[in-house]
$ cat query.txt   # compact mmCIF, C-alpha atoms
# COMPACT_ATOMS: atom_id res chain seq x y z
CA MET P 18 -5.13 -10.70 36.83
CA ASP P 19 -8.37 -12.64 37.25
CA TYR P 20 -11.76 -11.32 36.18
CA ASN P 21 -14.11 -13.20 38.44
CA ASN P 22 -17.10 -10.94 37.77
CA LEU P 23 -16.79 -10.98 33.97
CA ASN P 24 -20.24 -11.68 32.49
CA THR P 25 -19.66 -10.69 28.86
CA ASN P 26 -19.42 -13.53 26.36
CA SER P 27 -16.70 -13.09 23.75
CA ARG P 28 -18.02 -12.33 20.26
CA LYS P 29 -14.90 -11.77 18.24
CA GLN P 30 -14.98 -11.09 14.50
CA LYS P 31 -18.70 -10.21 14.64
CA HIS P 32 -19.66 -6.65 13.84
CA LEU P 33 -22.70 -4.86 15.14
CA ASN P 34 -25.80 -5.29 13.02
CA THR P 35 -28.64 -2.87 12.32
CA GLU P 36 -30.92 -4.21 15.08
CA GLU P 37 -28.16 -3.79 17.67
CA ARG P 38 -27.54 -0.23 16.54
CA PHE P 39 -31.23 0.69 16.93
CA TYR P 40 -31.16 -0.90 20.38
CA ILE P 41 -28.14 1.23 21.28
CA GLU P 42 -29.92 4.32 19.98
CA LYS P 43 -33.01 3.66 22.10
CA ARG P 44 -31.14 2.86 25.31
CA PHE P 45 -28.44 5.54 25.00
CA ASN P 46 -30.86 8.36 24.19
CA LEU P 47 -32.90 7.35 27.25
CA GLY P 48 -29.83 7.96 29.39
CA ASP P 49 -28.64 4.40 30.01
CA SER P 50 -24.93 3.89 30.62
CA ILE P 51 -22.53 2.30 28.16
CA LYS P 52 -21.83 -0.47 30.66
CA ALA P 53 -25.53 -1.41 30.87
CA ILE P 54 -25.92 -1.44 27.09
CA ALA P 55 -22.79 -3.54 26.64
CA SER P 56 -23.99 -6.05 29.23
CA ALA P 57 -27.39 -6.36 27.56
CA LEU P 58 -25.89 -6.94 24.10
CA HIS P 59 -23.04 -9.15 25.40
CA ARG P 60 -20.52 -6.77 23.87
CA SER P 61 -17.47 -5.07 25.28
CA ARG P 62 -17.78 -1.50 26.52
CA THR P 63 -15.13 -0.44 24.00
CA THR P 64 -17.31 -1.66 21.10
CA ILE P 65 -20.34 0.28 22.34
CA HIS P 66 -18.28 3.40 23.03
CA THR P 67 -16.74 3.31 19.54
CA GLU P 68 -20.14 2.81 17.91
CA ILE P 69 -21.69 5.72 19.83
CA LYS P 70 -18.77 7.94 18.88
CA ARG P 71 -19.14 6.90 15.22
CA GLY P 72 -22.89 7.56 14.99
CA THR P 73 -23.20 10.69 17.13
CA ASN P 74 -24.24 13.90 15.38
CA GLN P 75 -25.23 17.35 16.48
CA GLN P 76 -28.98 17.90 16.36
CA GLN P 77 -31.12 20.80 17.42
CA VAL P 78 -33.46 19.78 20.23
CA ASP P 79 -35.72 22.40 21.81
CA GLY P 80 -33.61 25.15 20.28
CA GLU P 81 -30.31 23.78 21.58
CA LEU P 82 -27.56 21.83 19.83
CA THR P 83 -27.29 18.40 21.43
CA GLN P 84 -25.11 15.36 20.72
CA VAL P 85 -27.51 12.60 19.68
CA TYR P 86 -26.64 9.09 18.60
CA SER P 87 -28.36 7.86 15.42
CA ALA P 88 -28.39 4.22 14.39
CA SER P 89 -28.83 5.18 10.73
CA ALA P 90 -25.77 7.44 10.83
CA GLY P 91 -23.73 4.75 12.54
CA GLN P 92 -24.76 2.14 9.97
CA GLN P 93 -23.96 4.47 7.06
CA ARG P 94 -20.51 5.32 8.38
CA TYR P 95 -19.85 1.65 9.05
CA GLU P 96 -20.71 0.73 5.44
CA ASN P 97 -18.56 3.56 4.08
CA THR P 98 -15.63 2.36 6.16
CA ARG P 99 -16.09 -1.23 5.04
CA GLN P 100 -15.97 -0.25 1.37
CA GLY P 101 -12.42 1.02 1.78
CA SER P 102 -11.22 -1.64 4.22
CA PHE P 103 -10.31 -4.24 1.58
CA LYS P 104 -9.54 -4.40 -2.12
CA ARG P 105 -11.89 -6.02 -4.56
CA PHE P 106 -10.84 -7.47 -7.89
CA GLN P 107 -12.31 -5.17 -10.52
CA PHE P 108 -12.39 -7.81 -13.21
CA VAL P 109 -15.42 -6.42 -15.06
CA SER P 110 -14.07 -2.88 -15.27
CA TYR P 111 -10.76 -4.00 -16.81
CA GLU P 112 -12.02 -6.99 -18.79
CA PRO P 113 -11.03 -5.59 -22.25
CA PHE P 114 -7.51 -4.87 -21.04
CA LEU P 115 -7.18 -8.27 -19.38
CA THR P 116 -8.36 -10.01 -22.55
CA TYR P 117 -5.80 -8.02 -24.55
CA CYS P 118 -3.00 -9.04 -22.17
CA GLU P 119 -3.93 -12.71 -22.42
CA GLU P 120 -4.00 -12.65 -26.23
CA LYS P 121 -0.78 -10.63 -26.42
CA PHE P 122 0.95 -13.00 -24.00
CA PHE P 123 0.02 -16.24 -25.79
CA LYS P 124 0.52 -14.78 -29.30
CA ASP P 125 3.90 -13.11 -28.86
CA GLY P 126 5.17 -15.19 -25.96
CA GLY P 127 6.49 -12.13 -24.19
CA ALA P 128 6.29 -11.06 -20.60
CA ILE P 129 3.41 -9.33 -18.86
CA ASP P 130 5.52 -6.19 -18.50
CA ALA P 131 5.99 -6.04 -22.28
CA ALA P 132 2.25 -6.27 -22.93
CA VAL P 133 1.50 -3.46 -20.49
CA ASP P 134 4.27 -1.26 -21.89
CA TYR P 135 3.20 -1.88 -25.50
CA ALA P 136 -0.44 -1.00 -24.77
CA LEU P 137 0.54 2.17 -22.96
CA THR P 138 3.14 3.30 -25.51
CA ASN P 139 0.93 2.76 -28.55
CA GLY P 140 -2.18 4.25 -26.97
CA ILE P 141 -4.24 1.07 -27.23
CA PHE P 142 -5.69 1.69 -23.76
CA HIS P 143 -5.93 4.77 -21.61
CA ARG P 144 -4.12 4.65 -18.28
CA ASP P 145 -7.43 4.56 -16.39
CA GLU P 146 -8.44 1.46 -18.36
CA MET P 147 -5.31 -0.47 -17.45
CA LEU P 148 -3.95 -2.31 -14.45
CA CYS P 149 -0.37 -2.10 -13.30
CA THR P 150 2.00 -5.03 -13.72
CA LYS P 151 1.87 -5.92 -10.03
CA ALA P 152 -1.93 -6.21 -10.16
CA LEU P 153 -1.73 -8.48 -13.21
CA TYR P 154 0.70 -10.79 -11.44
CA ASN P 155 -1.68 -10.88 -8.49
CA TYR P 156 -4.46 -11.93 -10.86
CA ILE P 157 -2.25 -14.70 -12.24
CA HIS P 158 -1.26 -15.97 -8.79
CA ASN P 159 -4.94 -16.04 -7.77
CA ALA P 160 -5.86 -18.01 -10.94
CA ILE P 161 -8.17 -15.30 -12.28
CA LEU P 162 -6.59 -15.08 -15.73
CA LYS P 163 -6.04 -17.80 -18.31
CA ILE P 164 -2.32 -17.27 -17.86
CA LYS P 165 -0.91 -19.71 -15.32
CA GLN P 166 2.18 -19.31 -13.21
CA ILE P 167 3.90 -22.12 -15.11
CA ASP P 168 3.43 -20.10 -18.32
CA LEU P 169 5.57 -17.25 -17.09
CA PRO P 170 9.03 -17.42 -18.71
CA LEU P 171 11.05 -16.60 -15.60
CA VAL P 172 9.34 -19.14 -13.38
CA LEU P 173 11.15 -22.09 -14.98
CA LYS P 174 14.49 -20.27 -14.85
CA CYS P 175 14.33 -19.48 -11.16
CA ASN P 176 16.09 -21.98 -8.93
CA THR P 177 14.81 -21.55 -5.41
CA SER P 178 16.73 -24.51 -3.94
CA LEU P 179 19.38 -23.69 -1.37
CA VAL P 180 22.83 -24.99 -2.31
CA GLN P 181 25.29 -25.45 0.50
CA THR P 182 28.98 -25.63 -0.30
CA LEU P 183 31.08 -27.45 2.27
CA LYS P 184 34.47 -27.43 0.55
CA HIS P 185 35.47 -24.23 2.34
CA LYS P 186 34.70 -25.65 5.77
CA LYS P 187 37.11 -24.41 8.38
CA GLN P 188 40.00 -26.78 9.03
CA LEU P 189 40.55 -27.27 12.75
CA GLY P 190 43.68 -29.43 12.47
CA ARG P 191 44.24 -33.07 13.40
CA SER P 192 41.86 -34.82 15.71
CA ILE P 193 42.92 -35.88 19.19
CA ASP P 194 41.94 -39.43 18.26
CA GLU P 195 45.01 -39.59 16.01
CA ARG P 196 47.53 -39.19 18.84
CA SER P 197 50.03 -41.94 19.55
CA ASP P 198 49.36 -44.74 22.03
CA LYS P 199 52.63 -43.85 23.80
CA ILE P 200 51.11 -40.60 24.92
CA ASN P 201 48.06 -42.36 26.32
CA SER P 202 50.30 -44.67 28.36
CA ARG P 203 52.19 -41.65 29.77
CA SER P 204 55.48 -43.54 29.30
CA VAL P 205 57.17 -40.74 27.38
CA LEU P 206 58.53 -37.70 29.21
CA CYS P 207 57.78 -34.33 27.75
CA THR P 208 60.62 -32.05 26.67
CA PRO P 209 61.22 -29.21 29.14
CA ILE P 210 59.86 -25.87 27.96
CA LEU P 211 61.50 -22.54 28.65
CA LEU P 212 58.78 -20.06 29.53
CA LEU P 213 59.72 -16.55 30.67
CA GLY P 214 63.14 -17.72 31.79
CA THR P 215 61.76 -20.53 33.93
CA TRP P 216 62.03 -24.26 33.18
CA PHE P 217 58.95 -26.41 33.51

$ encode --input "query.txt" --output "structure tokens"
Amino acid sequence: MDYNNLNTNSRKQKHLNTEERFYIEKRFNLGDSIKAIASALHRSRTTIHTEIKRGTNQQQVDGELTQVYSASAGQQRYENTRQGSFKRFQFVSYEPFLTYCEEKFFKDGGAIDAAVDYALTNGIFHRDEMLCTKALYNYIHNAILKIKQIDLPLVLKCNTSLVQTLKHKKQLGRSIDERSDKINSRSVLCTPILLLGTWF
């Protein structure tokens, strides 16, 4: 399908900013259509529709409850959504526990799991002050801790290379290249074969 009358420039991976939201508020509350607002901002109609739905609240106007779009409400809900859309490394909050794990690891030479289990069993840290083992390994893989991947004991023992064994390859018998030259010359008659009572 061709869109010959498409006049909206693509703006992928760019969220609406505060100025655009106030522009939407002004135009939409004046009664302009979503299509006109989207064309003016060079955005898709779906983006404008979703934003209006996000920032619309019930307000009392002239004694009646009316659905009114607010740029401030849309911006606040956008920021709240963004806070939970990705994980942040909480290094500062767990810094004492991370320092303990590093010292325990290099002093005793044990595994990360052992350090976490020892701290939890002996009450050195409360559960809310600790990270799980999976999170610690993520910190190590992202080079946030002093512990490197090469320092982990199981890394050197793991053999990730693929070994192919060919000794059990299926035997298909002798090759046709090994047949006698007499057969190639067709000078030897084949022995008659009895098949279902009939000679061939």

$ closest_residue --input "query.txt" --among "P:Ser202, P:Gln84, P:Lys70, P:Cys118" --to "Tyr156 in chain P" --atoms "only C-alpha atoms"
P:Cys118

$ residues_near_point --input "query.txt" --point "(-5.1, 3.6, -19.3)" --cutoff "12 Å" --atoms "all atoms listed in the file" --output "NGL selection string"
:P and (110-111 or 113-114 or 133-149)

$ write_last_selection --input "query.txt" --atoms "C-alpha atoms" --output "short mmCIF file (atom, residue, chain, number, x, y, z; two decimals), in the frame of the given file"
data_model
loop_
_atom_site.label_atom_id
_atom_site.label_comp_id
_atom_site.auth_asym_id
_atom_site.auth_seq_id
_atom_site.Cartn_x
_atom_site.Cartn_y
_atom_site.Cartn_z
CA SER P 110 -14.07 -2.88 -15.27
CA TYR P 111 -10.76 -4.00 -16.81
CA PRO P 113 -11.03 -5.59 -22.25
CA PHE P 114 -7.51 -4.87 -21.04
CA VAL P 133 1.50 -3.46 -20.49
CA ASP P 134 4.27 -1.26 -21.89
CA TYR P 135 3.20 -1.88 -25.50
CA ALA P 136 -0.44 -1.00 -24.77
CA LEU P 137 0.54 2.17 -22.96
CA THR P 138 3.14 3.30 -25.51
CA ASN P 139 0.93 2.76 -28.55
CA GLY P 140 -2.18 4.25 -26.97
CA ILE P 141 -4.24 1.07 -27.23
CA PHE P 142 -5.69 1.69 -23.76
CA HIS P 143 -5.93 4.77 -21.61
CA ARG P 144 -4.12 4.65 -18.28
CA ASP P 145 -7.43 4.56 -16.39
CA GLU P 146 -8.44 1.46 -18.36
CA MET P 147 -5.31 -0.47 -17.45
CA LEU P 148 -3.95 -2.31 -14.45
CA CYS P 149 -0.37 -2.10 -13.30
#

$ residues_around --input "query.txt" --residues "Ala57 in chain P" --least-positions-apart "4" --cutoff "12 Å" --atoms "only C-alpha atoms" --output "list in words"
Asn24, Thr25, Asn26, Glu37, Tyr40, Ile41, Arg44, Asp49, Ser50, Ile51, Lys52, Ala53, Ser61, Arg62 and Ile65 of chain P

$ atom_distance --input "query.txt" --atom1 "CA of Lys151 in chain P" --atom2 "CA of Lys165 in chain P"
15.0 Å

$ atom_distance --input "query.txt" --atom1 "CA of Gly72 in chain P" --atom2 "CA of Ala90 in chain P"
5.1 Å

$ atom_distance --input "query.txt" --atom1 "CA of Asn155 in chain P" --atom2 "CA of Lys124 in chain P"
21.3 Å

$ axis_aligned_box --input "query.txt" --around "range 62-66 of chain P" --padding-each-side "8 Å" --output "AutoDock Vina command-line options"
--center_x -17.7 --center_y 0.9 --center_z 23.8 --size_x 21.2 --size_y 21.1 --size_z 21.4

$ closest_residue --input "query.txt" --among "P:Ser192, P:Asn34, P:Thr116, P:Ser56" --to "Ala132 in chain P" --atoms "only C-alpha atoms"
P:Thr116

$ residues_near_point --input "query.txt" --point "(-29.0, 1.6, 16.6)" --cutoff "12 Å" --atoms "all atoms listed in the file" --output "ChimeraX atom specification"
/P:33-46,54,58,65,68-69,71-73,85-93,95
